[in-house]
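Participant: Here it is, the structure, as structure tokens.
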Amino acid sequence: MTATLDDQVAAVLAAVDSTPEKPMVVGHSAACTLAWLAADARPEQVAKVALIGGFPSAGGQPYADFFELTDGVMPFPGWGPFEGPDSADLDEEAKRRIASAAIPIPEAVAKGVVRLVDERRFDVPVVLVCPEFTPAQAQAWIDAGDVPELAKAKHLEFVDIDSGHWPMVTKPVELAGLLAAAATEA
């Protein structure tokens, strides 16, 4: 696996560039940073960014340096790090499906340095979907300086969904409705 963070950003930007209308870019978990990088690179072309269960990393930070690397990749770390609210709504079958479908993240992606260059990203509307945490918790983290990128966002909306970290598995209809409503507002 030789993909880099730049490769992933390029793939998202290719999708944005090929869309005739301004799209809403959606990121889940670590990929919230990927969605934010798209807004940074194409602030005039991205209608909105939807962040599900995650926050964008700040410039100069690693993209997703969360878990141990093995043979140049970051494999799914098992369920230990996700004990509690992240996985409380998943049954064993759902956990098995998620773990078996997980694709290891190449080291050059996980350790890739986030480069944000266009302050106009803060003008792009953001909807933060709060699954395993509440909107109040997210606001407190932002206010405490833990999420500097969202502290500067000029149009930030919080949407709650009663789920764990994977609402696309446990609450797919509700999540789709929230995203459709957010896209319509964009």
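Labels used: A, B, ... for chains in the order of the structure tokens, numbers from 1 for residues in each chain, and numbers from 1 for ligands as shown.
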Got a sec: who's within 12 Å of A:Pro43, counting only C-alpha atoms, leaving out chain neighbours fewer than 6 positions off, as a list in words?
Facilitator: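 Those residues are Leu13, Val16, Asp17, Lys22, Pro23, Met24, Val25, Ala35, Trp36, Leu37, Val49, Leu116, Val117, Asp118, Glu119, Arg120, Arg121, Phe122, Asp123, Val124, Pro125 and Val126 of chain A.
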Participant: Residues near A:Ala108, anyone? I mean within 9 Å using only C-alpha atoms, not counting same-chain ones fewer than 2 positions away, as a PDB file with N, CA, C and O atoms, in the first residue's frame.
Facilitator:
ATOM      1  N   THR A   2       0.867   1.949  -1.091  1.00  0.00           N
ATOM      2  CA  THR A   2       1.739   3.112  -1.207  1.00  0.00           C
ATOM      3  C   THR A   2       0.968   4.420  -1.289  1.00  0.00           C
ATOM      4  O   THR A   2       1.555   5.443  -1.574  1.00  0.00           O
ATOM      5  N   ALA A   3      -0.330   4.397  -1.051  1.00  0.00           N
ATOM      6  CA  ALA A   3      -1.125   5.618  -1.123  1.00  0.00           C
ATOM      7  C   ALA A   3      -0.645   6.613  -0.075  1.00  0.00           C
ATOM      8  O   ALA A   3      -0.183   6.240   1.003  1.00  0.00           O
ATOM      9  N   THR A   4      -0.779   7.893  -0.414  1.00  0.00           N
ATOM     10  CA  THR A   4      -0.408   8.970   0.501  1.00  0.00           C
ATOM     11  C   THR A   4      -1.651   9.798   0.828  1.00  0.00           C
ATOM     12  O   THR A   4      -2.697   9.666   0.184  1.00  0.00           O
ATOM     13  N   LEU A   5      -1.508  10.662   1.803  1.00  0.00           N
ATOM     14  CA  LEU A   5      -2.603  11.586   2.114  1.00  0.00           C
ATOM     15  C   LEU A   5      -2.902  12.454   0.895  1.00  0.00           C
ATOM     16  O   LEU A   5      -4.070  12.700   0.574  1.00  0.00           O
ATOM     17  N   GLY A  72       3.947  -1.187   7.797  1.00  0.00           N
ATOM     18  CA  GLY A  72       3.677  -0.018   6.967  1.00  0.00           C
ATOM     19  C   GLY A  72       2.221   0.390   6.849  1.00  0.00           C
ATOM     20  O   GLY A  72       1.889   1.279   6.067  1.00  0.00           O
ATOM     21  N   VAL A  73       1.351  -0.236   7.643  1.00  0.00           N
ATOM     22  CA  VAL A  73      -0.066   0.135   7.617  1.00  0.00           C
ATOM     23  C   VAL A  73      -0.622   0.182   9.038  1.00  0.00           C
ATOM     24  O   VAL A  73      -0.055  -0.408   9.969  1.00  0.00           O
ATOM     25  N   ILE A 105      -4.914   1.398   6.868  1.00  0.00           N
ATOM     26  CA  ILE A 105      -4.535   2.724   6.382  1.00  0.00           C
ATOM     27  C   ILE A 105      -3.026   2.735   6.140  1.00  0.00           C
ATOM     28  O   ILE A 105      -2.250   2.439   7.054  1.00  0.00           O
ATOM     29  N   PRO A 106      -2.600   3.085   4.930  1.00  0.00           N
ATOM     30  CA  PRO A 106      -1.156   3.157   4.671  1.00  0.00           C
ATOM     31  C   PRO A 106      -0.483   4.181   5.592  1.00  0.00           C
ATOM     32  O   PRO A 106      -1.058   5.221   5.923  1.00  0.00           O
ATOM     33  N   ALA A 110      -1.796   7.800   7.234  1.00  0.00           N
ATOM     34  CA  ALA A 110      -1.966   7.992   8.677  1.00  0.00           C
ATOM     35  C   ALA A 110      -1.034   9.070   9.224  1.00  0.00           C
ATOM     36  O   ALA A 110      -1.441   9.918  10.018  1.00  0.00           O
ATOM     37  N   LYS A 111       0.205   9.067   8.786  1.00  0.00           N
ATOM     38  CA  LYS A 111       1.193  10.020   9.298  1.00  0.00           C
ATOM     39  C   LYS A 111       1.355  11.242   8.395  1.00  0.00           C
ATOM     40  O   LYS A 111       2.175  12.116   8.673  1.00  0.00           O
ATOM     41  N   GLY A 112       0.575  11.301   7.323  1.00  0.00           N
ATOM     42  CA  GLY A 112       0.632  12.463   6.445  1.00  0.00           C
ATOM     43  C   GLY A 112       0.303  13.733   7.211  1.00  0.00           C
ATOM     44  O   GLY A 112      -0.572  13.741   8.077  1.00  0.00           O
TER      45      GLY A 112
END
Participant: Tell me which protein, DNA and RNA residues are within 12 Å of A:Ala64, counting only C-alpha atoms, leaving out same-chain ones fewer than 2 positions away, and put them as a ChimeraX atom specification.
Facilitator: /A:4-5,29-34,54-58,61-62,66-69,73-74,104-114
Participant: So which bits of chain A end up strand (DSSP E or B) when you DSSP the backbone, as a list in words?
Facilitator: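 Restricting chain A to strand (DSSP E or B) produces Met24, Val25, Val26, Gly27, His28, Lys48, Val49, Ala50, Leu51, Ile52, Pro62, Thr70, Val73, Met74, Ile105, Pro106, Val113, Val126, Val127, Leu128, Val129, Cys130, Leu156, Glu157, Phe158, Val159 and Asp160 of chain A.
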Participant: Which residues of stretch 105-161 of chain A come within 9 Å of stretch 169-181 of chain A, and for each one, what is the closest pair of atoms and their distance in Å to one decimal, counting only C-alpha atoms, sorted by chain and residue number, as a tab-separated table?
Facilitator:
residue	atom	partner	partner_atom	distance
A:Val127	CA	A:Leu179	CA	8.9
A:Val129	CA	A:Leu178	CA	8.3
A:Val159	CA	A:Leu178	CA	7.8
A:Ile161	CA	A:Leu175	CA	7.5
Participant: Within 8 Å of A:Gly164, counting only C-alpha atoms, which residues qualify if same-chain residues fewer than 4 places away don't, as a PyMOL selection string?
Facilitator: chain A and resi 85-90+131-132+170
